[in-house]
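Asks: So that you have it, the file is my_file-v2.pdb, and it contains PDB, C-alpha atoms and all ligand atoms:
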```pdb
ATOM      1  CA  MET A   1     -30.772   5.435  25.153
ATOM      2  CA  ASN A   2     -29.072   4.296  21.960
ATOM      3  CA  SER A   3     -29.743   0.670  22.894
ATOM      4  CA  ILE A   4     -28.175  -1.770  20.436
ATOM      5  CA  PRO A   5     -25.699  -0.384  17.874
ATOM      6  CA  THR A   6     -26.473  -1.293  14.263
ATOM      7  CA  HIS A   7     -22.791  -1.664  13.374
ATOM      8  CA  VAL A   8     -20.076  -2.743  15.812
ATOM      9  CA  SER A   9     -16.502  -2.745  14.572
ATOM     10  CA  ILE A  10     -13.489  -4.208  16.375
ATOM     11  CA  ILE A  11      -9.740  -3.703  16.185
ATOM     12  CA  MET A  12      -8.719  -7.130  17.483
ATOM     13  CA  ASP A  13      -5.417  -6.447  19.199
ATOM     14  CA  GLY A  14      -3.176  -8.283  21.652
ATOM     15  CA  ASN A  15      -2.872 -11.779  20.178
ATOM     16  CA  GLY A  16       0.935 -11.598  20.207
ATOM     17  CA  ARG A  17       1.153 -10.454  23.832
ATOM     18  CA  TRP A  18      -1.376 -13.105  24.862
ATOM     19  CA  ALA A  19       0.822 -15.814  23.313
ATOM     20  CA  LYS A  20       4.049 -14.356  24.702
ATOM     21  CA  ALA A  21       2.607 -14.347  28.225
ATOM     22  CA  ARG A  22       2.162 -18.102  27.796
ATOM     23  CA  GLY A  23       5.635 -18.649  26.327
ATOM     24  CA  LYS A  24       4.154 -19.519  22.922
ATOM     25  CA  GLU A  25       4.604 -18.408  19.307
ATOM     26  CA  ARG A  26       2.563 -15.429  18.102
ATOM     27  CA  ALA A  27       0.603 -17.714  15.755
ATOM     28  CA  PHE A  28      -0.763 -19.486  18.831
ATOM     29  CA  GLY A  29      -2.278 -16.145  19.900
ATOM     30  CA  HIS A  30      -3.881 -15.689  16.481
ATOM     31  CA  MET A  31      -5.431 -19.148  16.755
ATOM     32  CA  ALA A  32      -6.907 -18.251  20.137
ATOM     33  CA  GLY A  33      -8.031 -14.957  18.553
ATOM     34  CA  ALA A  34      -9.971 -16.897  15.935
ATOM     35  CA  GLU A  35     -11.941 -18.515  18.792
ATOM     36  CA  SER A  36     -12.859 -15.024  20.007
ATOM     37  CA  VAL A  37     -14.016 -14.208  16.470
ATOM     38  CA  ARG A  38     -16.429 -17.143  16.645
ATOM     39  CA  ALA A  39     -17.643 -16.234  20.142
ATOM     40  CA  ILE A  40     -18.179 -12.551  19.336
ATOM     41  CA  THR A  41     -19.917 -13.288  16.027
ATOM     42  CA  GLU A  42     -22.411 -15.429  17.923
ATOM     43  CA  ALA A  43     -22.801 -12.865  20.726
ATOM     44  CA  ALA A  44     -23.328 -10.004  18.261
ATOM     45  CA  GLY A  45     -25.953 -11.947  16.310
ATOM     46  CA  ASN A  46     -27.788 -12.827  19.511
ATOM     47  CA  ALA A  47     -27.678  -9.209  20.703
ATOM     48  CA  GLY A  48     -29.358  -7.978  17.496
ATOM     49  CA  VAL A  49     -26.321  -6.257  15.973
ATOM     50  CA  LYS A  50     -26.841  -6.079  12.178
ATOM     51  CA  TYR A  51     -23.222  -5.490  11.095
ATOM     52  CA  LEU A  52     -20.127  -6.806  12.861
ATOM     53  CA  SER A  53     -16.843  -5.790  11.272
ATOM     54  CA  LEU A  54     -13.393  -6.997  12.263
ATOM     55  CA  TYR A  55      -9.956  -5.639  11.403
ATOM     56  CA  ALA A  56      -8.215  -8.937  10.706
ATOM     57  CA  PHE A  57      -5.219  -7.818   8.621
ATOM     58  CA  SER A  58      -4.019  -4.307   7.806
ATOM     59  CA  GLU A  59      -1.991  -3.151   4.813
ATOM     60  CA  GLU A  60       0.801  -2.511   7.306
ATOM     61  CA  ASN A  61       0.609  -6.128   8.556
ATOM     62  CA  TRP A  62       2.242  -7.229   5.261
ATOM     63  CA  ASN A  63       5.470  -5.902   6.800
ATOM     64  CA  ARG A  64       5.452  -8.555   9.551
ATOM     65  CA  PRO A  65       7.883 -11.498   9.209
ATOM     66  CA  ASP A  66       6.908 -13.886   6.384
ATOM     67  CA  ALA A  67       6.279 -16.727   8.820
ATOM     68  CA  GLU A  68       3.673 -14.715  10.727
ATOM     69  CA  VAL A  69       2.003 -13.386   7.549
ATOM     70  CA  ASN A  70       1.809 -16.950   6.203
ATOM     71  CA  ALA A  71       0.407 -18.284   9.476
ATOM     72  CA  LEU A  72      -2.255 -15.565   9.521
ATOM     73  CA  MET A  73      -3.208 -16.199   5.880
ATOM     74  CA  GLU A  74      -3.458 -19.945   6.518
ATOM     75  CA  LEU A  75      -5.641 -19.278   9.562
ATOM     76  CA  LEU A  76      -7.880 -16.896   7.607
ATOM     77  CA  LEU A  77      -8.175 -19.370   4.748
ATOM     78  CA  ARG A  78      -9.138 -22.146   7.146
ATOM     79  CA  TYR A  79     -11.640 -19.854   8.852
ATOM     80  CA  ILE A  80     -13.268 -18.630   5.613
ATOM     81  CA  LYS A  81     -13.699 -22.207   4.348
ATOM     82  CA  GLY A  82     -14.441 -23.826   7.698
ATOM     83  CA  GLU A  83     -17.049 -21.328   8.907
ATOM     84  CA  LEU A  84     -19.327 -21.635   5.887
ATOM     85  CA  LYS A  85     -21.729 -24.050   7.544
ATOM     86  CA  THR A  86     -21.947 -22.002  10.741
ATOM     87  CA  LEU A  87     -22.544 -18.831   8.718
ATOM     88  CA  MET A  88     -25.349 -20.536   6.766
ATOM     89  CA  ASP A  89     -26.913 -22.090   9.873
ATOM     90  CA  ASN A  90     -26.946 -18.696  11.576
ATOM     91  CA  ASP A  91     -28.161 -16.664   8.566
ATOM     92  CA  ILE A  92     -24.965 -14.562   8.479
ATOM     93  CA  ARG A  93     -23.749 -12.846   5.314
ATOM     94  CA  PHE A  94     -19.962 -12.840   4.955
ATOM     95  CA  VAL A  95     -18.123  -9.971   3.284
ATOM     96  CA  ALA A  96     -14.348  -9.403   3.009
ATOM     97  CA  LEU A  97     -13.154  -5.899   2.170
ATOM     98  CA  GLY A  98      -9.751  -4.408   1.503
ATOM     99  CA  HIS A  99      -6.939  -4.286  -1.032
ATOM    100  CA  ARG A 100      -7.779  -7.715  -2.382
ATOM    101  CA  GLU A 101      -5.255  -7.590  -5.248
ATOM    102  CA  ARG A 102      -2.568  -8.186  -2.635
ATOM    103  CA  LEU A 103      -4.178 -11.401  -1.350
ATOM    104  CA  SER A 104      -3.267 -14.769  -2.874
ATOM    105  CA  ASP A 105      -5.501 -16.387  -5.499
ATOM    106  CA  LYS A 106      -6.295 -19.119  -2.980
ATOM    107  CA  VAL A 107      -7.516 -16.668  -0.345
ATOM    108  CA  ASN A 108      -9.452 -14.634  -2.927
ATOM    109  CA  ALA A 109     -11.137 -17.751  -4.303
ATOM    110  CA  ALA A 110     -12.237 -18.800  -0.795
ATOM    111  CA  ILE A 111     -13.540 -15.287  -0.094
ATOM    112  CA  ASP A 112     -15.501 -15.206  -3.370
ATOM    113  CA  ALA A 113     -17.028 -18.632  -2.696
ATOM    114  CA  THR A 114     -18.083 -17.829   0.876
ATOM    115  CA  MET A 115     -19.393 -14.389  -0.105
ATOM    116  CA  ALA A 116     -21.435 -15.845  -2.965
ATOM    117  CA  GLN A 117     -22.901 -18.638  -0.853
ATOM    118  CA  THR A 118     -23.846 -16.386   2.063
ATOM    119  CA  ALA A 119     -25.031 -13.427  -0.065
ATOM    120  CA  GLY A 120     -28.710 -14.094   0.672
ATOM    121  CA  ASN A 121     -28.321 -14.341   4.457
ATOM    122  CA  ARG A 122     -30.091 -11.605   6.387
ATOM    123  CA  LYS A 123     -29.702 -11.858  10.168
ATOM    124  CA  MET A 124     -26.309 -10.148  10.340
ATOM    125  CA  THR A 125     -23.468  -9.145   8.033
ATOM    126  CA  LEU A 126     -19.957 -10.122   9.140
ATOM    127  CA  VAL A 127     -17.337  -7.919   7.497
ATOM    128  CA  ILE A 128     -13.694  -8.988   7.651
ATOM    129  CA  PHE A 129     -11.224  -6.269   6.709
ATOM    130  CA  LEU A 130      -8.229  -7.856   4.996
ATOM    131  CA  SER A 131      -5.255  -5.974   3.616
ATOM    132  CA  TYR A 132      -7.194  -2.846   4.520
ATOM    133  CA  SER A 133      -6.132   0.638   5.463
ATOM    134  CA  GLY A 134      -8.239   3.749   5.827
ATOM    135  CA  LYS A 135      -5.943   5.990   3.795
ATOM    136  CA  TRP A 136      -5.756   3.407   1.015
ATOM    137  CA  ASP A 137      -9.581   3.218   0.973
ATOM    138  CA  ILE A 138      -9.970   6.999   0.627
ATOM    139  CA  MET A 139      -7.332   7.060  -2.109
ATOM    140  CA  GLN A 140      -8.865   4.212  -4.128
ATOM    141  CA  ALA A 141     -12.302   5.831  -3.749
ATOM    142  CA  MET A 142     -10.959   9.104  -5.124
ATOM    143  CA  LYS A 143      -9.355   7.348  -8.093
ATOM    144  CA  LYS A 144     -12.536   5.375  -8.776
ATOM    145  CA  ALA A 145     -14.646   8.536  -8.639
ATOM    146  CA  ALA A 146     -12.235  10.365 -10.952
ATOM    147  CA  ALA A 147     -12.313   7.486 -13.434
ATOM    148  CA  THR A 148     -16.120   7.194 -13.336
ATOM    149  CA  LEU A 149     -17.307  10.793 -13.292
ATOM    150  CA  SER A 150     -16.889  13.643 -15.751
ATOM    151  CA  PRO A 151     -14.772  16.560 -14.428
ATOM    152  CA  GLU A 152     -18.025  18.506 -13.840
ATOM    153  CA  GLU A 153     -19.630  15.626 -11.950
ATOM    154  CA  PHE A 154     -16.443  15.158  -9.928
ATOM    155  CA  GLN A 155     -16.463  18.811  -8.881
ATOM    156  CA  ALA A 156     -20.172  18.650  -8.013
ATOM    157  CA  MET A 157     -19.684  15.607  -5.764
ATOM    158  CA  GLU A 158     -21.249  15.967  -2.285
ATOM    159  CA  LEU A 159     -20.054  14.143   0.833
ATOM    160  CA  PRO A 160     -22.698  11.361   0.738
ATOM    161  CA  ASP A 161     -21.907  10.781  -2.970
ATOM    162  CA  PHE A 162     -18.318   9.914  -2.051
ATOM    163  CA  ASP A 163     -19.386   7.049   0.244
ATOM    164  CA  ARG A 164     -20.325   4.866  -2.706
ATOM    165  CA  TYR A 165     -16.706   4.715  -3.915
ATOM    166  CA  LEU A 166     -15.330   3.467  -0.602
ATOM    167  CA  VAL A 167     -15.036  -0.306  -0.235
ATOM    168  CA  THR A 168     -17.648  -0.015   2.537
ATOM    169  CA  ALA A 169     -20.317   1.281   0.110
ATOM    170  CA  GLY A 170     -23.742   0.146   1.311
ATOM    171  CA  ILE A 171     -22.540  -0.626   4.831
ATOM    172  CA  PRO A 172     -23.597   1.894   7.489
ATOM    173  CA  ASP A 173     -20.782   3.663   9.340
ATOM    174  CA  PRO A 174     -19.822   1.958  12.618
ATOM    175  CA  ASP A 175     -21.783   3.125  15.666
ATOM    176  CA  LEU A 176     -19.327   1.559  18.076
ATOM    177  CA  LEU A 177     -15.627   0.812  17.583
ATOM    178  CA  ILE A 178     -13.949  -1.452  20.133
ATOM    179  CA  ARG A 179     -10.178  -1.762  20.450
ATOM    180  CA  THR A 180      -8.734  -4.395  22.748
ATOM    181  CA  SER A 181      -5.359  -4.683  24.503
ATOM    182  CA  GLY A 182      -5.013  -1.179  25.935
ATOM    183  CA  GLU A 183      -3.792   0.580  22.779
ATOM    184  CA  LEU A 184      -5.451   3.961  22.275
ATOM    185  CA  ARG A 185      -5.283   4.668  18.548
ATOM    186  CA  ILE A 186      -7.118   4.148  15.246
ATOM    187  CA  SER A 187      -4.127   2.635  13.378
ATOM    188  CA  ASN A 188      -5.252   3.639   9.890
ATOM    189  CA  TYR A 189      -8.540   1.755  10.195
ATOM    190  CA  LEU A 190     -11.920   3.207   9.139
ATOM    191  CA  LEU A 191     -10.758   6.827   8.985
ATOM    192  CA  TRP A 192     -13.561   8.268   6.869
ATOM    193  CA  GLN A 193     -16.293   6.014   8.238
ATOM    194  CA  SER A 194     -15.552   6.607  11.942
ATOM    195  CA  ALA A 195     -16.197  10.370  11.863
ATOM    196  CA  TYR A 196     -18.983  10.031  14.488
ATOM    197  CA  THR A 197     -18.293   6.583  15.855
ATOM    198  CA  GLU A 198     -18.244   5.983  19.621
ATOM    199  CA  PHE A 199     -14.913   4.502  20.777
ATOM    200  CA  TYR A 200     -14.518   1.856  23.459
ATOM    201  CA  PHE A 201     -11.089   0.833  24.692
ATOM    202  CA  THR A 202     -10.378  -2.102  26.966
ATOM    203  CA  ASP A 203      -7.166  -3.568  28.382
ATOM    204  CA  VAL A 204      -8.462  -7.110  27.739
ATOM    205  CA  LEU A 205      -6.364  -8.898  25.080
ATOM    206  CA  TRP A 206      -8.324 -10.110  22.049
ATOM    207  CA  PRO A 207      -8.078 -13.870  22.816
ATOM    208  CA  ASP A 208      -9.649 -13.127  26.233
ATOM    209  CA  PHE A 209     -12.383 -10.896  24.780
ATOM    210  CA  ARG A 210     -15.525 -12.995  24.909
ATOM    211  CA  GLU A 211     -19.290 -12.553  25.390
ATOM    212  CA  ALA A 212     -19.123 -10.910  28.848
ATOM    213  CA  GLU A 213     -16.597  -8.310  27.614
ATOM    214  CA  PHE A 214     -18.725  -7.683  24.508
ATOM    215  CA  HIS A 215     -21.808  -7.064  26.643
ATOM    216  CA  ALA A 216     -19.838  -4.636  28.833
ATOM    217  CA  ALA A 217     -18.998  -2.649  25.671
ATOM    218  CA  LEU A 218     -22.667  -2.644  24.578
ATOM    219  CA  GLU A 219     -23.719  -1.421  28.027
ATOM    220  CA  GLU A 220     -21.204   1.399  27.892
ATOM    221  CA  TYR A 221     -22.433   2.310  24.396
ATOM    222  CA  ALA A 222     -26.026   2.483  25.625
ATOM    223  CA  ARG A 223     -24.944   5.114  28.180
ATOM    224  CA  ARG A 224     -23.308   7.362  25.569
ATOM    225  CA  ASP A 225     -25.028  10.532  24.407
ATOM    226  CA  ARG A 226     -24.508  10.858  20.639
ATOM    227  CA  ARG A 227     -24.960  14.450  19.489
ATOM    228  CA  TYR A 228     -23.218  14.501  16.088
ATOM    229  CA  GLY A 229     -21.929  17.995  16.784
ATOM    230  CA  LYS A 230     -25.398  19.303  17.592
ATOM    231  CA  VAL A 231     -26.929  20.542  20.855
ATOM    232  CA  LYS A 232     -29.613  18.316  22.290
TER     233      LYS A 232
HETATM  234  C1  LIG B   1      -3.438  -8.091  16.458
HETATM  235  O1  LIG B   1      -2.680  -8.714  17.455
HETATM  236  C2  LIG B   1      -4.122  -9.067  15.640
HETATM  237  C3  LIG B   1      -3.870  -9.304  14.338
HETATM  238  C4  LIG B   1      -2.841  -8.578  13.573
HETATM  239  C5  LIG B   1      -4.582 -10.325  13.595
HETATM  240  C6  LIG B   1      -6.021 -10.529  13.924
HETATM  241  C7  LIG B   1      -6.365 -11.876  13.481
HETATM  242  C8  LIG B   1      -7.092 -12.773  14.159
HETATM  243  C9  LIG B   1      -7.825 -12.507  15.393
HETATM  244  C10 LIG B   1      -7.074 -14.158  13.631
HETATM  245  C11 LIG B   1      -8.203 -14.682  12.969
HETATM  246  C12 LIG B   1      -9.155 -13.791  12.303
HETATM  247  C13 LIG B   1     -10.276 -14.266  11.767
HETATM  248  C14 LIG B   1     -11.226 -13.368  11.071
HETATM  249  C15 LIG B   1     -10.593 -15.693  11.863
HETATM  250  P1  LIG B   1      -1.106  -8.501  17.445
HETATM  251  O2  LIG B   1      -0.511  -9.644  16.727
HETATM  252  O3  LIG B   1      -0.780  -7.156  16.896
HETATM  253  O4  LIG B   1      -0.807  -8.573  18.980
HETATM  254  P2  LIG B   1       0.292  -7.777  19.794
HETATM  255  O5  LIG B   1      -0.034  -6.315  19.641
HETATM  256  O6  LIG B   1       0.094  -8.269  21.173
HETATM  257  O7  LIG B   1       1.605  -8.138  19.197
END
```
In structure tokens, what does this structure look like?
Replies:
Amino acid sequence: MNSIPTHVSIIMDGNGRWAKARGKERAFGHMAGAESVRAITEAAGNAGVKYLSLYAFSEENWNRPDAEVNALMELLLRYIKGELKTLMDNDIRFVALGHRERLSDKVNAAIDATMAQTAGNRKMTLVIFLSYSGKWDIMQAMKKAAATLSPEEFQAMELPDFDRYLVTAGIPDPDLLIRTSGELRISNYLLWQSAYTEFYFTDVLWPDFREAEFHAALEEYARRDRRYGKVK
């Protein structure tokens, strides 16, 4: 039994369809999705998960209509500021990772403040991926390594050495990756880091994904046999 995964990651999908089914704007679905974020953060902490990471905004999401991008950024800003007390009360460290140069100064300032204030919290780390893409991460890691190392050191680099240049440096690779809403793809998420991750797909739309659905995913994970390419 693998019991509880150390790191659970989630591609939160289906907010738009959830809103459309109710005859509402897409932003209404994102607001309901933020409630699921709160519920799943609490459920993960209670279950003993040490790292919960959420794909909140991809590099590709910048191509959505301005109104939706703005609504999402406003929602994220409100969340990052508004959740501080809950994060402190629950001993949760907050980390935001991604191509942060593309985020507004306002969003970056809120991220920096919440990260600094929660840096000492130890029960669980909540990672929000913002303006993130897996290919971008690998590319920026390569550039960082090339700029830091001598040509000889660069050539001598081993696989584990490369991890420290990714934005996820210091965070263990996800054990379990959940994607909601029935889509069966990785969508340029944690490409490098998910080499041996267990995948769990559900048709449930993200705003409907709550504690019971999270526990169903953990139960399925506990039944998986992880062999990492070896024979057991
Ligand atoms: C995918 O649904 C979801 C997103 C692009 C945004 C995820 C953001 C949240 C859940 C909001 C708040 C986040 C935090 C951390 C508070 P979609 O819009 O692609 O849905 P669709 O596929 O049905 O159109």
Asks: So, counting all atoms listed in the file, which residue among A:Ala19, A:Leu72, A:Leu77, A:Leu126 is closest to A:Arg38?
Replies: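 Among A:Ala19, A:Leu72, A:Leu77, A:Leu126, it is A:Leu126 that comes nearest to A:Arg38.
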Asks: Hey, which of A:Lys20, A:Lys123, A:His30, A:Arg227 ends up closest to ligand LIG 1 (chain B)? Count all atoms listed in the file.
Replies: A:His30
Asks: One decimal, in Å: what's the spacing between atom CA of A:Ile10 and atom CA of A:Ala110?
Replies: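 Between these atoms lies a distance of 22.6 Å.
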Asks: Between chain A and ligand LIG 1 (chain B), at 6 Å or less, what are the per-residue closest atom pairs and their distances in Å? Count only C-alpha atoms and all ligand atoms, order by chain and rising residue number, and return it as CSV.
Replies:
```
residue,atom,partner,partner_atom,distance
A:Met12,CA,B:LIG1,C2,5.3
A:Asp13,CA,B:LIG1,C1,3.8
A:Gly14,CA,B:LIG1,O6,3.3
A:Asn15,CA,B:LIG1,O4,4.0
A:Gly16,CA,B:LIG1,O6,3.6
A:Arg17,CA,B:LIG1,O6,3.6
A:His30,CA,B:LIG1,C10,4.5
A:Gly33,CA,B:LIG1,C9,4.0
A:Ala34,CA,B:LIG1,C11,4.1
A:Val37,CA,B:LIG1,C15,5.9
A:Ala56,CA,B:LIG1,C6,4.2
A:Phe57,CA,B:LIG1,C4,5.5
A:Leu76,CA,B:LIG1,C15,5.2
A:Tyr79,CA,B:LIG1,C15,5.2
```
Asks: Please write as a ChimeraX atom specification the full residue list that the PyMOL selection byres (((chain A and resi 135-142) around 9) and not hetatm) yields on this file.
Replies: /A:59,98-99,132-134,143-147,162-168,188-192
Asks: Just how far from atom CA of A:Ser104 is atom CA of A:Glu74, in Å to one decimal?
Replies: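 Result for atom CA of A:Glu74 versus atom CA of A:Ser104: 10.7 Å, one decimal.
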Asks: Check which residues satisfy the PyMOL selection byres (((chain A and resi 209-211) around 12) and not hetatm) in the file shown, then give them as a PDB file with C-alpha atoms, in the frame of the given file.
Replies:
```
ATOM      1  CA  ILE A  10     -13.489  -4.208  16.375  1.00  0.00           C
ATOM      2  CA  ILE A  11      -9.740  -3.703  16.185  1.00  0.00           C
ATOM      3  CA  MET A  12      -8.719  -7.130  17.483  1.00  0.00           C
ATOM      4  CA  ASP A  13      -5.417  -6.447  19.199  1.00  0.00           C
ATOM      5  CA  GLY A  14      -3.176  -8.283  21.652  1.00  0.00           C
ATOM      6  CA  ASN A  15      -2.872 -11.779  20.178  1.00  0.00           C
ATOM      7  CA  TRP A  18      -1.376 -13.105  24.862  1.00  0.00           C
ATOM      8  CA  ALA A  32      -6.907 -18.251  20.137  1.00  0.00           C
ATOM      9  CA  GLY A  33      -8.031 -14.957  18.553  1.00  0.00           C
ATOM     10  CA  ALA A  34      -9.971 -16.897  15.935  1.00  0.00           C
ATOM     11  CA  GLU A  35     -11.941 -18.515  18.792  1.00  0.00           C
ATOM     12  CA  SER A  36     -12.859 -15.024  20.007  1.00  0.00           C
ATOM     13  CA  VAL A  37     -14.016 -14.208  16.470  1.00  0.00           C
ATOM     14  CA  ARG A  38     -16.429 -17.143  16.645  1.00  0.00           C
ATOM     15  CA  ALA A  39     -17.643 -16.234  20.142  1.00  0.00           C
ATOM     16  CA  ILE A  40     -18.179 -12.551  19.336  1.00  0.00           C
ATOM     17  CA  THR A  41     -19.917 -13.288  16.027  1.00  0.00           C
ATOM     18  CA  GLU A  42     -22.411 -15.429  17.923  1.00  0.00           C
ATOM     19  CA  ALA A  43     -22.801 -12.865  20.726  1.00  0.00           C
ATOM     20  CA  ALA A  44     -23.328 -10.004  18.261  1.00  0.00           C
ATOM     21  CA  GLY A  45     -25.953 -11.947  16.310  1.00  0.00           C
ATOM     22  CA  ASN A  46     -27.788 -12.827  19.511  1.00  0.00           C
ATOM     23  CA  ALA A  47     -27.678  -9.209  20.703  1.00  0.00           C
ATOM     24  CA  ILE A 178     -13.949  -1.452  20.133  1.00  0.00           C
ATOM     25  CA  ARG A 179     -10.178  -1.762  20.450  1.00  0.00           C
ATOM     26  CA  THR A 180      -8.734  -4.395  22.748  1.00  0.00           C
ATOM     27  CA  SER A 181      -5.359  -4.683  24.503  1.00  0.00           C
ATOM     28  CA  PHE A 201     -11.089   0.833  24.692  1.00  0.00           C
ATOM     29  CA  THR A 202     -10.378  -2.102  26.966  1.00  0.00           C
ATOM     30  CA  ASP A 203      -7.166  -3.568  28.382  1.00  0.00           C
ATOM     31  CA  VAL A 204      -8.462  -7.110  27.739  1.00  0.00           C
ATOM     32  CA  LEU A 205      -6.364  -8.898  25.080  1.00  0.00           C
ATOM     33  CA  TRP A 206      -8.324 -10.110  22.049  1.00  0.00           C
ATOM     34  CA  PRO A 207      -8.078 -13.870  22.816  1.00  0.00           C
ATOM     35  CA  ASP A 208      -9.649 -13.127  26.233  1.00  0.00           C
ATOM     36  CA  ALA A 212     -19.123 -10.910  28.848  1.00  0.00           C
ATOM     37  CA  GLU A 213     -16.597  -8.310  27.614  1.00  0.00           C
ATOM     38  CA  PHE A 214     -18.725  -7.683  24.508  1.00  0.00           C
ATOM     39  CA  HIS A 215     -21.808  -7.064  26.643  1.00  0.00           C
ATOM     40  CA  ALA A 216     -19.838  -4.636  28.833  1.00  0.00           C
ATOM     41  CA  ALA A 217     -18.998  -2.649  25.671  1.00  0.00           C
ATOM     42  CA  LEU A 218     -22.667  -2.644  24.578  1.00  0.00           C
TER      43      LEU A 218
END
```
Asks: Tell me, in Å to one decimal, how far atom CA of A:Phe129 is from atom CA of A:Leu52.
Replies: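 Straight-line distance from atom CA of A:Phe129 to atom CA of A:Leu52 works out to 10.8 Å.
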Asks: My list of candidates is A:Glu68, A:Pro5, A:Lys230, A:Thr114. Which is closest to A:Thr86 when distances are computed with all atoms listed in the file?
Replies: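 Closest candidate: A:Thr114.
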Asks: Using all atoms listed in the file, determine which residues lie at most 10 Å from A:Ile80, disregarding the query and same-chain residues fewer than 4 positions distant; provide the list as a PDB file with C-alpha atoms, in the coordinates of the input.
Replies:
```
ATOM      1  CA  GLU A  74      -3.458 -19.945   6.518  1.00  0.00           C
ATOM      2  CA  LEU A  75      -5.641 -19.278   9.562  1.00  0.00           C
ATOM      3  CA  LEU A  76      -7.880 -16.896   7.607  1.00  0.00           C
ATOM      4  CA  LEU A  84     -19.327 -21.635   5.887  1.00  0.00           C
ATOM      5  CA  LEU A  87     -22.544 -18.831   8.718  1.00  0.00           C
ATOM      6  CA  PHE A  94     -19.962 -12.840   4.955  1.00  0.00           C
ATOM      7  CA  ALA A  96     -14.348  -9.403   3.009  1.00  0.00           C
ATOM      8  CA  VAL A 107      -7.516 -16.668  -0.345  1.00  0.00           C
ATOM      9  CA  ALA A 110     -12.237 -18.800  -0.795  1.00  0.00           C
ATOM     10  CA  ILE A 111     -13.540 -15.287  -0.094  1.00  0.00           C
ATOM     11  CA  ASP A 112     -15.501 -15.206  -3.370  1.00  0.00           C
ATOM     12  CA  ALA A 113     -17.028 -18.632  -2.696  1.00  0.00           C
ATOM     13  CA  THR A 114     -18.083 -17.829   0.876  1.00  0.00           C
ATOM     14  CA  MET A 115     -19.393 -14.389  -0.105  1.00  0.00           C
ATOM     15  CA  ILE A 128     -13.694  -8.988   7.651  1.00  0.00           C
TER      16      ILE A 128
END
```
Asks: With distances taken over only C-alpha atoms, which of A:Arg102, A:Arg224, A:His7, A:Arg64 is nearest to A:Tyr51?
Replies: A:His7
Asks: Using all atoms listed in the file, which of the listed residues (A:Glu25, A:Glu198, A:Asp175, A:Glu153) sits closest to A:Thr6?
Replies: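 Once distances to A:Thr6 are computed over all atoms listed in the file, the minimum belongs to A:Asp175.
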Asks: Once 8 Å is added on each side, what centre and edge lengths in Å to one decimal does the axis-aligned box around all listed atoms of stretch 89-97 of chain A have, as JSON?
Replies:
```
{"center_x": -20.7, "center_y": -14.0, "center_z": 6.9, "size_x": 31.0, "size_y": 32.2, "size_z": 25.4}
```
Asks: Rank nothing, just name the residue among A:Gly229, A:Met88, A:Val69, A:Leu130 nearest to A:Tyr55, using only C-alpha atoms.
Replies: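 The closest residue to A:Tyr55 is A:Leu130.
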